[in-house]
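Text of coords16.json (JSON, C-alpha atoms) as supplied:
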[["chain", "number", "residue", "atom", "x", "y", "z"],
["A", 1, "MET", "CA", -2.20, -0.57, -23.09],
["A", 2, "ALA", "CA", 0.65, 1.89, -22.68],
["A", 3, "THR", "CA", 3.69, 0.24, -21.18],
["A", 4, "SER", "CA", 6.91, 1.49, -19.66],
["A", 5, "ASN", "CA", 10.26, 0.81, -21.26],
["A", 6, "ILE", "CA", 10.81, -2.72, -19.99],
["A", 7, "GLN", "CA", 13.43, -3.56, -22.61],
["A", 8, "GLY", "CA", 16.53, -5.05, -21.00],
["A", 9, "LYS", "CA", 14.86, -5.25, -17.59],
["A", 10, "VAL", "CA", 14.95, -8.53, -15.66],
["A", 11, "CYS", "CA", 11.53, -10.05, -14.93],
["A", 12, "LEU", "CA", 10.83, -13.27, -13.04],
["A", 13, "VAL", "CA", 7.45, -14.97, -13.54],
["A", 14, "THR", "CA", 6.40, -18.02, -11.52],
["A", 15, "GLY", "CA", 3.93, -20.56, -12.89],
["A", 16, "SER", "CA", 4.74, -19.58, -16.46],
["A", 17, "SER", "CA", 4.47, -22.85, -18.41],
["A", 18, "SER", "CA", 0.76, -22.30, -19.18],
["A", 19, "GLY", "CA", -2.21, -20.00, -18.69],
["A", 20, "ILE", "CA", -1.82, -16.35, -17.76],
["A", 21, "GLY", "CA", 1.72, -16.96, -16.52],
["A", 22, "LYS", "CA", 2.83, -18.12, -19.95],
["A", 23, "VAL", "CA", 1.09, -15.22, -21.69],
["A", 24, "THR", "CA", 2.67, -12.80, -19.22],
["A", 25, "ALA", "CA", 6.14, -14.22, -19.84],
["A", 26, "ARG", "CA", 5.60, -14.12, -23.61],
["A", 27, "GLU", "CA", 4.41, -10.52, -23.64],
["A", 28, "LEU", "CA", 7.31, -9.39, -21.45],
["A", 29, "ALA", "CA", 9.65, -11.13, -23.87],
["A", 30, "ASN", "CA", 7.89, -9.35, -26.75],
["A", 31, "MET", "CA", 8.66, -6.06, -24.98],
["A", 32, "GLY", "CA", 12.35, -6.96, -24.93],
["A", 33, "ALA", "CA", 12.63, -7.92, -21.28],
["A", 34, "ILE", "CA", 15.00, -10.53, -19.91],
["A", 35, "VAL", "CA", 12.51, -13.14, -18.68],
["A", 36, "VAL", "CA", 13.13, -15.83, -16.09],
["A", 37, "MET", "CA", 10.40, -18.46, -16.04],
["A", 38, "VAL", "CA", 9.83, -20.62, -12.96],
["A", 39, "CYS", "CA", 7.92, -23.81, -13.81],
["A", 40, "ARG", "CA", 7.15, -27.00, -11.91],
["A", 41, "ASN", "CA", 7.28, -29.42, -14.85],
["A", 42, "ARG", "CA", 10.53, -29.46, -16.84],
["A", 43, "ALA", "CA", 9.05, -30.75, -20.10],
["A", 44, "LYS", "CA", 6.22, -28.20, -20.10],
["A", 45, "GLY", "CA", 8.58, -25.45, -19.01],
["A", 46, "GLU", "CA", 11.11, -26.17, -21.74],
["A", 47, "ALA", "CA", 8.36, -26.35, -24.37],
["A", 48, "ALA", "CA", 6.92, -23.01, -23.23],
["A", 49, "GLN", "CA", 10.39, -21.46, -23.11],
["A", 50, "ALA", "CA", 11.15, -22.55, -26.68],
["A", 51, "GLU", "CA", 7.77, -21.32, -27.92],
["A", 52, "ILE", "CA", 8.20, -17.91, -26.26],
["A", 53, "LYS", "CA", 11.71, -17.51, -27.67],
["A", 54, "GLU", "CA", 10.46, -18.29, -31.17],
["A", 55, "GLU", "CA", 7.34, -16.11, -31.01],
["A", 56, "SER", "CA", 9.12, -13.12, -29.47],
["A", 57, "SER", "CA", 12.45, -13.47, -31.32],
["A", 58, "ASN", "CA", 13.97, -12.92, -27.87],
["A", 59, "ASN", "CA", 16.59, -15.45, -26.78],
["A", 60, "GLN", "CA", 16.88, -13.95, -23.31],
["A", 61, "VAL", "CA", 14.25, -16.26, -21.84],
["A", 62, "ASP", "CA", 15.60, -18.40, -18.99],
["A", 63, "LEU", "CA", 14.04, -21.31, -17.09],
["A", 64, "ILE", "CA", 14.27, -22.52, -13.51],
["A", 65, "VAL", "CA", 12.44, -25.78, -12.69],
["A", 66, "ALA", "CA", 11.00, -26.02, -9.18],
["A", 67, "ASP", "CA", 7.94, -27.15, -7.26],
["A", 68, "LEU", "CA", 7.09, -24.05, -5.25],
["A", 69, "SER", "CA", 4.89, -25.97, -2.83],
["A", 70, "GLU", "CA", 8.21, -27.11, -1.28],
["A", 71, "LEU", "CA", 9.85, -24.23, 0.58],
["A", 72, "SER", "CA", 13.32, -25.72, 0.15],
["A", 73, "GLN", "CA", 12.80, -25.43, -3.60],
["A", 74, "VAL", "CA", 11.64, -21.82, -3.20],
["A", 75, "ARG", "CA", 14.98, -21.08, -1.55],
["A", 76, "ARG", "CA", 16.79, -22.89, -4.36],
["A", 77, "VAL", "CA", 15.00, -20.76, -6.97],
["A", 78, "ALA", "CA", 16.20, -17.60, -5.23],
["A", 79, "ASN", "CA", 19.76, -18.92, -4.98],
["A", 80, "GLU", "CA", 19.88, -20.03, -8.61],
["A", 81, "PHE", "CA", 18.53, -16.68, -9.72],
["A", 82, "LYS", "CA", 21.09, -14.72, -7.69],
["A", 83, "GLN", "CA", 23.95, -16.81, -9.04],
["A", 84, "LYS", "CA", 23.11, -15.66, -12.56],
["A", 85, "TYR", "CA", 21.48, -12.23, -12.17],
["A", 86, "ALA", "CA", 22.54, -9.17, -10.21],
["A", 87, "GLN", "CA", 19.29, -7.31, -10.84],
["A", 88, "LEU", "CA", 15.55, -7.95, -10.69],
["A", 89, "HIS", "CA", 13.16, -5.27, -11.83],
["A", 90, "VAL", "CA", 9.84, -7.14, -11.83],
["A", 91, "LEU", "CA", 8.85, -10.14, -9.70],
["A", 92, "ILE", "CA", 5.50, -11.66, -10.63],
["A", 93, "ASN", "CA", 4.18, -14.20, -8.12],
["A", 94, "ASN", "CA", 1.72, -15.96, -10.40],
["A", 95, "ALA", "CA", 1.96, -19.68, -9.53],
["A", 96, "GLY", "CA", -1.03, -21.13, -7.70],
["A", 97, "GLY", "CA", -3.23, -24.14, -7.26],
["A", 98, "VAL", "CA", -5.94, -25.84, -5.26],
["A", 99, "ASN", "CA", -6.79, -29.42, -4.25],
["A", 100, "ASN", "CA", -10.17, -30.80, -3.30],
["A", 101, "GLU", "CA", -8.48, -33.17, -0.84],
["A", 102, "HIS", "CA", -6.21, -32.32, 2.06],
["A", 103, "LYS", "CA", -2.63, -32.63, 0.83],
["A", 104, "VAL", "CA", 0.45, -32.01, 2.98],
["A", 105, "THR", "CA", 3.89, -31.03, 1.68],
["A", 106, "THR", "CA", 7.22, -32.31, 3.01],
["A", 107, "ASP", "CA", 7.29, -29.18, 5.18],
["A", 108, "GLY", "CA", 4.11, -30.35, 6.92],
["A", 109, "LEU", "CA", 2.11, -27.57, 5.28],
["A", 110, "GLU", "CA", -1.23, -27.74, 3.49],
["A", 111, "PHE", "CA", -0.58, -27.63, -0.27],
["A", 112, "THR", "CA", -2.85, -24.70, -1.19],
["A", 113, "PHE", "CA", -1.62, -22.51, 1.67],
["A", 114, "ALA", "CA", 2.00, -23.34, 0.86],
["A", 115, "THR", "CA", 1.75, -22.83, -2.90],
["A", 116, "ASN", "CA", -0.51, -19.80, -3.10],
["A", 117, "TYR", "CA", 0.77, -17.90, -0.07],
["A", 118, "LEU", "CA", 3.89, -19.08, 1.73],
["A", 119, "ALA", "CA", 5.85, -19.67, -1.50],
["A", 120, "PRO", "CA", 5.47, -16.07, -2.76],
["A", 121, "PHE", "CA", 5.93, -14.80, 0.80],
["A", 122, "LEU", "CA", 9.29, -16.58, 1.07],
["A", 123, "LEU", "CA", 10.45, -16.06, -2.52],
["A", 124, "THR", "CA", 9.82, -12.33, -2.28],
["A", 125, "GLN", "CA", 11.78, -12.06, 0.95],
["A", 126, "GLN", "CA", 14.65, -14.07, -0.51],
["A", 127, "LEU", "CA", 14.83, -11.69, -3.49],
["A", 128, "LEU", "CA", 14.24, -8.38, -1.70],
["A", 129, "ASP", "CA", 17.93, -7.47, -1.62],
["A", 130, "VAL", "CA", 18.17, -7.79, -5.42],
["A", 131, "LEU", "CA", 14.90, -5.91, -5.93],
["A", 132, "LYS", "CA", 16.07, -3.04, -3.71],
["A", 133, "ALA", "CA", 19.38, -2.89, -5.55],
["A", 134, "SER", "CA", 17.47, -2.66, -8.84],
["A", 135, "ALA", "CA", 14.99, 0.05, -7.78],
["A", 136, "PRO", "CA", 12.69, 1.20, -9.15],
["A", 137, "ALA", "CA", 11.33, -2.34, -9.04],
["A", 138, "ARG", "CA", 7.88, -3.91, -8.81],
["A", 139, "ILE", "CA", 6.43, -6.95, -7.04],
["A", 140, "VAL", "CA", 3.14, -8.21, -8.47],
["A", 141, "ASN", "CA", 1.06, -10.75, -6.54],
["A", 142, "VAL", "CA", -1.61, -12.51, -8.61],
["A", 143, "SER", "CA", -4.45, -13.00, -6.13],
["A", 144, "SER", "CA", -8.16, -13.49, -6.78],
["A", 145, "ASN", "CA", -11.59, -12.08, -6.01],
["A", 146, "GLY", "CA", -11.95, -15.39, -4.18],
["A", 147, "HIS", "CA", -10.24, -13.61, -1.27],
["A", 148, "THR", "CA", -13.58, -11.96, -0.50],
["A", 149, "LEU", "CA", -14.83, -15.33, 0.76],
["A", 150, "GLY", "CA", -11.76, -15.86, 2.91],
["A", 151, "THR", "CA", -10.94, -15.60, 6.58],
["A", 152, "ILE", "CA", -7.65, -16.37, 8.31],
["A", 153, "ASP", "CA", -8.32, -19.34, 10.58],
["A", 154, "PHE", "CA", -5.34, -19.09, 12.94],
["A", 155, "ALA", "CA", -6.63, -22.12, 14.87],
["A", 156, "ASP", "CA", -6.46, -24.31, 11.76],
["A", 157, "LEU", "CA", -4.36, -22.59, 9.08],
["A", 158, "GLN", "CA", -3.40, -25.95, 7.53],
["A", 159, "GLY", "CA", -6.93, -27.34, 7.37],
["A", 160, "ALA", "CA", -5.94, -30.32, 9.52],
["A", 161, "ARG", "CA", -9.13, -30.35, 11.56],
["A", 162, "GLU", "CA", -11.56, -29.68, 8.76],
["A", 163, "TYR", "CA", -10.51, -29.28, 5.12],
["A", 164, "ASN", "CA", -12.59, -27.54, 2.48],
["A", 165, "SER", "CA", -11.02, -26.61, -0.85],
["A", 166, "VAL", "CA", -12.98, -23.35, -1.23],
["A", 167, "LYS", "CA", -12.07, -22.29, 2.29],
["A", 168, "ALA", "CA", -8.41, -23.22, 1.73],
["A", 169, "TYR", "CA", -8.22, -21.35, -1.56],
["A", 170, "SER", "CA", -9.99, -18.19, -0.39],
["A", 171, "GLN", "CA", -7.89, -18.12, 2.80],
["A", 172, "SER", "CA", -4.67, -18.38, 0.79],
["A", 173, "LYS", "CA", -5.70, -15.55, -1.53],
["A", 174, "LEU", "CA", -6.72, -13.32, 1.38],
["A", 175, "ALA", "CA", -3.38, -14.08, 3.01],
["A", 176, "GLN", "CA", -1.67, -12.95, -0.19],
["A", 177, "ILE", "CA", -3.38, -9.58, 0.05],
["A", 178, "TYR", "CA", -2.49, -9.17, 3.73],
["A", 179, "PHE", "CA", 1.11, -9.91, 2.74],
["A", 180, "THR", "CA", 0.95, -7.32, -0.06],
["A", 181, "TYR", "CA", -0.34, -4.57, 2.21],
["A", 182, "GLU", "CA", 2.09, -5.30, 5.06],
["A", 183, "LEU", "CA", 5.08, -5.51, 2.72],
["A", 184, "ALA", "CA", 4.08, -2.24, 1.04],
["A", 185, "ASP", "CA", 4.36, -0.48, 4.41],
["A", 186, "GLN", "CA", 7.75, -2.06, 5.05],
["A", 187, "LEU", "CA", 9.08, -1.06, 1.62],
["A", 188, "LYS", "CA", 8.21, 2.63, 1.80],
["A", 189, "GLY", "CA", 11.14, 4.71, 0.65],
["A", 190, "THR", "CA", 13.00, 1.83, -0.99],
["A", 191, "GLY", "CA", 11.81, 2.37, -4.57],
["A", 192, "VAL", "CA", 10.25, -1.11, -4.58],
["A", 193, "THR", "CA", 6.47, -1.30, -4.93],
["A", 194, "VAL", "CA", 4.16, -4.24, -4.31],
["A", 195, "ASN", "CA", 0.58, -4.67, -5.48],
["A", 196, "ALA", "CA", -1.99, -7.47, -5.74],
["A", 197, "LEU", "CA", -4.54, -8.16, -8.44],
["A", 198, "HIS", "CA", -7.49, -10.23, -9.59],
["A", 199, "PRO", "CA", -6.89, -11.44, -13.19],
["A", 200, "GLY", "CA", -10.51, -12.43, -13.80],
["A", 201, "ALA", "CA", -12.08, -15.87, -13.97],
["A", 202, "VAL", "CA", -9.56, -17.36, -16.37],
["A", 203, "ASN", "CA", -10.47, -20.53, -18.28],
["A", 204, "SER", "CA", -7.19, -22.41, -17.84],
["A", 205, "ASN", "CA", -5.81, -25.60, -16.26],
["A", 206, "PHE", "CA", -5.86, -24.04, -12.78],
["A", 207, "ASN", "CA", -8.64, -26.45, -11.74],
["A", 208, "ASN", "CA", -6.50, -29.53, -12.41],
["A", 209, "GLY", "CA", -5.85, -30.09, -8.70],
["A", 210, "THR", "CA", -9.49, -30.95, -8.15],
["A", 211, "LYS", "CA", -11.44, -34.00, -9.22],
["A", 212, "GLY", "CA", -14.91, -35.50, -9.16],
["A", 213, "PHE", "CA", -17.94, -33.24, -8.78],
["A", 214, "LEU", "CA", -15.89, -30.18, -7.78],
["A", 215, "HIS", "CA", -13.71, -30.50, -10.88],
["A", 216, "VAL", "CA", -16.71, -30.88, -13.21],
["A", 217, "ILE", "CA", -18.56, -27.90, -11.73],
["A", 218, "GLY", "CA", -15.43, -25.75, -11.64],
["A", 219, "THR", "CA", -14.54, -26.56, -15.23],
["A", 220, "LEU", "CA", -18.07, -25.84, -16.45],
["A", 221, "LEU", "CA", -18.24, -22.52, -14.61],
["A", 222, "TYR", "CA", -14.92, -21.37, -16.02],
["A", 223, "ARG", "CA", -16.01, -22.34, -19.54],
["A", 224, "ILE", "CA", -19.27, -20.44, -19.17],
["A", 225, "ILE", "CA", -18.09, -17.25, -17.43],
["A", 226, "GLY", "CA", -14.33, -17.48, -17.85],
["A", 227, "ILE", "CA", -12.07, -15.33, -19.99],
["A", 228, "ASP", "CA", -9.12, -16.65, -21.94],
["A", 229, "ALA", "CA", -5.51, -16.42, -20.77],
["A", 230, "GLU", "CA", -4.77, -13.60, -23.21],
["A", 231, "LYS", "CA", -7.31, -11.35, -21.49],
["A", 232, "GLY", "CA", -6.47, -12.71, -18.06],
["A", 233, "ALA", "CA", -2.84, -11.66, -18.35],
["A", 234, "GLN", "CA", -3.65, -8.04, -19.17],
["A", 235, "THR", "CA", -4.14, -6.89, -15.57],
["A", 236, "THR", "CA", -0.86, -8.53, -14.55],
["A", 237, "LEU", "CA", 0.97, -6.84, -17.42],
["A", 238, "TYR", "CA", -0.64, -3.49, -16.59],
["A", 239, "VAL", "CA", 0.42, -3.62, -12.94],
["A", 240, "ALA", "CA", 3.89, -4.89, -13.86],
["A", 241, "THR", "CA", 4.72, -2.43, -16.64],
["A", 242, "SER", "CA", 2.36, 0.53, -16.96],
["A", 243, "PRO", "CA", 3.74, 4.00, -16.24],
["A", 244, "GLU", "CA", 0.36, 4.73, -14.62],
["A", 245, "VAL", "CA", 1.32, 2.37, -11.79],
["A", 246, "LYS", "CA", 4.78, 3.87, -11.26],
["A", 247, "GLY", "CA", 5.27, 4.52, -7.55],
["A", 248, "VAL", "CA", 1.88, 3.00, -6.65],
["A", 249, "SER", "CA", 2.12, 0.46, -3.83],
["A", 250, "GLY", "CA", -0.10, -1.45, -1.46],
["A", 251, "LYS", "CA", -3.07, -1.49, -3.83],
["A", 252, "TYR", "CA", -5.42, -4.05, -5.35],
["A", 253, "PHE", "CA", -6.28, -4.11, -9.06],
["A", 254, "SER", "CA", -9.14, -6.04, -10.66],
["A", 255, "GLN", "CA", -9.92, -7.26, -14.16],
["A", 256, "SER", "CA", -13.58, -6.65, -13.36],
["A", 257, "LYS", "CA", -12.69, -2.94, -13.09],
["A", 258, "ARG", "CA", -10.97, -3.10, -16.48],
["A", 259, "GLY", "CA", -7.69, -3.81, -14.77],
["A", 260, "LYS", "CA", -7.69, -0.63, -12.71],
["A", 261, "GLU", "CA", -7.38, -0.12, -8.96],
["A", 262, "ALA", "CA", -10.29, -1.40, -6.88],
["A", 263, "PRO", "CA", -11.04, -1.95, -3.18],
["A", 264, "SER", "CA", -10.34, -5.39, -1.78],
["A", 265, "SER", "CA", -12.60, -6.92, 0.86],
["A", 266, "GLN", "CA", -13.26, -4.93, 4.01],
["A", 267, "ARG", "CA", -11.67, -7.74, 6.02],
["A", 268, "SER", "CA", -8.41, -7.41, 4.07],
["A", 269, "TYR", "CA", -7.69, -4.01, 5.63],
["A", 270, "ASP", "CA", -7.44, -5.36, 9.19],
["A", 271, "VAL", "CA", -3.92, -4.30, 10.22],
["A", 272, "ALA", "CA", -3.84, -6.42, 13.39],
["A", 273, "ILE", "CA", -4.64, -9.63, 11.49],
["A", 274, "ARG", "CA", -2.12, -8.94, 8.73],
["A", 275, "ARG", "CA", 0.66, -8.31, 11.25],
["A", 276, "ARG", "CA", -0.22, -11.42, 13.21],
["A", 277, "LEU", "CA", -0.25, -13.43, 9.99],
["A", 278, "TRP", "CA", 3.19, -12.08, 9.09],
["A", 279, "GLU", "CA", 4.64, -13.30, 12.39],
["A", 280, "VAL", "CA", 2.95, -16.69, 12.11],
["A", 281, "SER", "CA", 4.23, -17.05, 8.55],
["A", 282, "GLN", "CA", 7.80, -16.27, 9.58],
["A", 283, "GLU", "CA", 7.55, -18.95, 12.27],
["A", 284, "LEU", "CA", 6.20, -21.53, 9.80],
["A", 285, "ILE", "CA", 9.15, -20.80, 7.52],
["A", 286, "ARG", "CA", 11.60, -21.19, 10.41],
["A", 287, "GLN", "CA", 9.99, -24.53, 11.27],
["A", 288, "SER", "CA", 10.34, -25.70, 7.67],
["A", 289, "GLU", "CA", 14.06, -24.91, 7.77],
["A", 290, "LEU", "CA", 14.43, -26.96, 10.94],
["A", 291, "ILE", "CA", 12.64, -29.94, 9.37],
["A", 292, "HIS", "CA", 15.23, -30.12, 6.60],
["A", 293, "THR", "CA", 18.26, -29.61, 8.88],
["A", 294, "LEU", "CA", 17.39, -32.35, 11.39]]
If you convert what's in this file into structure tokens, what do you get?
Amino acid sequence: MATSNIQGKVCLVTGSSSGIGKVTARELANMGAIVVMVCRNRAKGEAAQAEIKEESSNNQVDLIVADLSELSQVRRVANEFKQKYAQLHVLINNAGGVNNEHKVTTDGLEFTFATNYLAPFLLTQQLLDVLKASAPARIVNVSSNGHTLGTIDFADLQGAREYNSVKAYSQSKLAQIYFTYELADQLKGTGVTVNALHPGAVNSNFNNGTKGFLHVIGTLLYRIIGIDAEKGAQTTLYVATSPEVKGVSGKYFSQSKRGKEAPSSQRSYDVAIRRRLWEVSQELIRQSELIHTL
């Protein structure tokens, strides 16, 4: 895979203590990038950081510990990053999860929706000024083909009335694509691009938030049809670094198309829904700020 000259460029990767996030961080470090890892678990994050430094012979691998399901911690990540770095050339929103039971964060938000969608939505906005100042810069949103099963249920975004893990996950991944397309329009002319991708069915610890029958079936399926994290990270790395993607924005890339551009679901191109979702998301973020200031 031909890559651009990423040496010395600042790259932030969320969810990088394991799986495709860890491989992505490692490969960026191998290319000579300055890598900032964002991980939820300190012990796992520090172990991954040390391993990546050793394997890449690159000491410019930083770590920020935060649980991105909590929006206050998303804001802290952005603040900590800006205190240390004046530039950001690649932002990779990779962290994600799913629960088979309804779980609510301290912001009053459903965990899957908060982690997979609102966290990257907020983190990206908090870092836009640095990204624009570093242009050309890229934002990469790791979504999923699961978005094709999704709809945006404005009447029950948080799954409070009826929770289903598949519905919650597919909705969050569709929301991520709506966010990608809307932001791409807003960023025209800034030198900052934003794209979404499907990394493939990666056999990793992503399914750890589920249990019982759903966990067993999910684990078996991933073992049978899944690809390893090394292959799963290739589409992310392509979108983040390839000169072929220079200037490309508002697109969807898929591992099933050998990492190249592909159409997302027909539903994902609904401009009215994506703009409504943007406004609703901004309001949810404002509400979360109020919760923590009262």
Check your understanding: So which residues are close to (-7.9, -15.4, 1.8), meaning at most 6 Å away in the file's coordinates with all atoms listed in the file counted, and can you show them as a count of residues only?
Key -> 9
Study note, to complete from the structure: Using only C-alpha atoms, the residue out of A:Tyr169, A:His89, A:Thr112, A:Asp156 with shortest distance to Leu128 (chain A) is A:His89
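Distance check against Ser268 (chain A) using all atoms listed in the file: of A:His198, A:Ser288, A:Glu244, A:Ile177, the minimum falls on A:Ile177.
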Please identify every residue of region 41-148 of chain A that has at least one atom no farther than 9 Å from an atom of region 157-166 of chain A, counting only C-alpha atoms, and for each give the shortest atom pair and the distance in Å to one decimal, arranged by chain then increasing number, as JSON lines.
{"residue": "A:Val98", "atom": "CA", "partner": "A:Ser165", "partner_atom": "CA", "distance": 6.8}
{"residue": "A:Asn99", "atom": "CA", "partner": "A:Ser165", "partner_atom": "CA", "distance": 6.1}
{"residue": "A:Asn100", "atom": "CA", "partner": "A:Ser165", "partner_atom": "CA", "distance": 4.9}
{"residue": "A:Glu101", "atom": "CA", "partner": "A:Ser165", "partner_atom": "CA", "distance": 7.0}
{"residue": "A:His102", "atom": "CA", "partner": "A:Tyr163", "partner_atom": "CA", "distance": 6.1}
{"residue": "A:Val104", "atom": "CA", "partner": "A:Gln158", "partner_atom": "CA", "distance": 8.5}
{"residue": "A:Gly108", "atom": "CA", "partner": "A:Gln158", "partner_atom": "CA", "distance": 8.7}
{"residue": "A:Leu109", "atom": "CA", "partner": "A:Gln158", "partner_atom": "CA", "distance": 6.2}
{"residue": "A:Glu110", "atom": "CA", "partner": "A:Gln158", "partner_atom": "CA", "distance": 4.9}
{"residue": "A:Phe111", "atom": "CA", "partner": "A:Gln158", "partner_atom": "CA", "distance": 8.5}
{"residue": "A:Thr112", "atom": "CA", "partner": "A:Ser165", "partner_atom": "CA", "distance": 8.4}
{"residue": "A:Phe113", "atom": "CA", "partner": "A:Gln158", "partner_atom": "CA", "distance": 7.0}
{"residue": "A:Ala114", "atom": "CA", "partner": "A:Gln158", "partner_atom": "CA", "distance": 9.0}
{"residue": "A:Gly146", "atom": "CA", "partner": "A:Val166", "partner_atom": "CA", "distance": 8.6}
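Closest to Thr180 (chain A) among A:Gln7, A:Ser143, A:Ser18, A:Gln287 is A:Ser143, based on only C-alpha atoms.
Take CA of Ala272 (chain A) and CA of Tyr178 (chain A): the distance between them is 10.1 Å.
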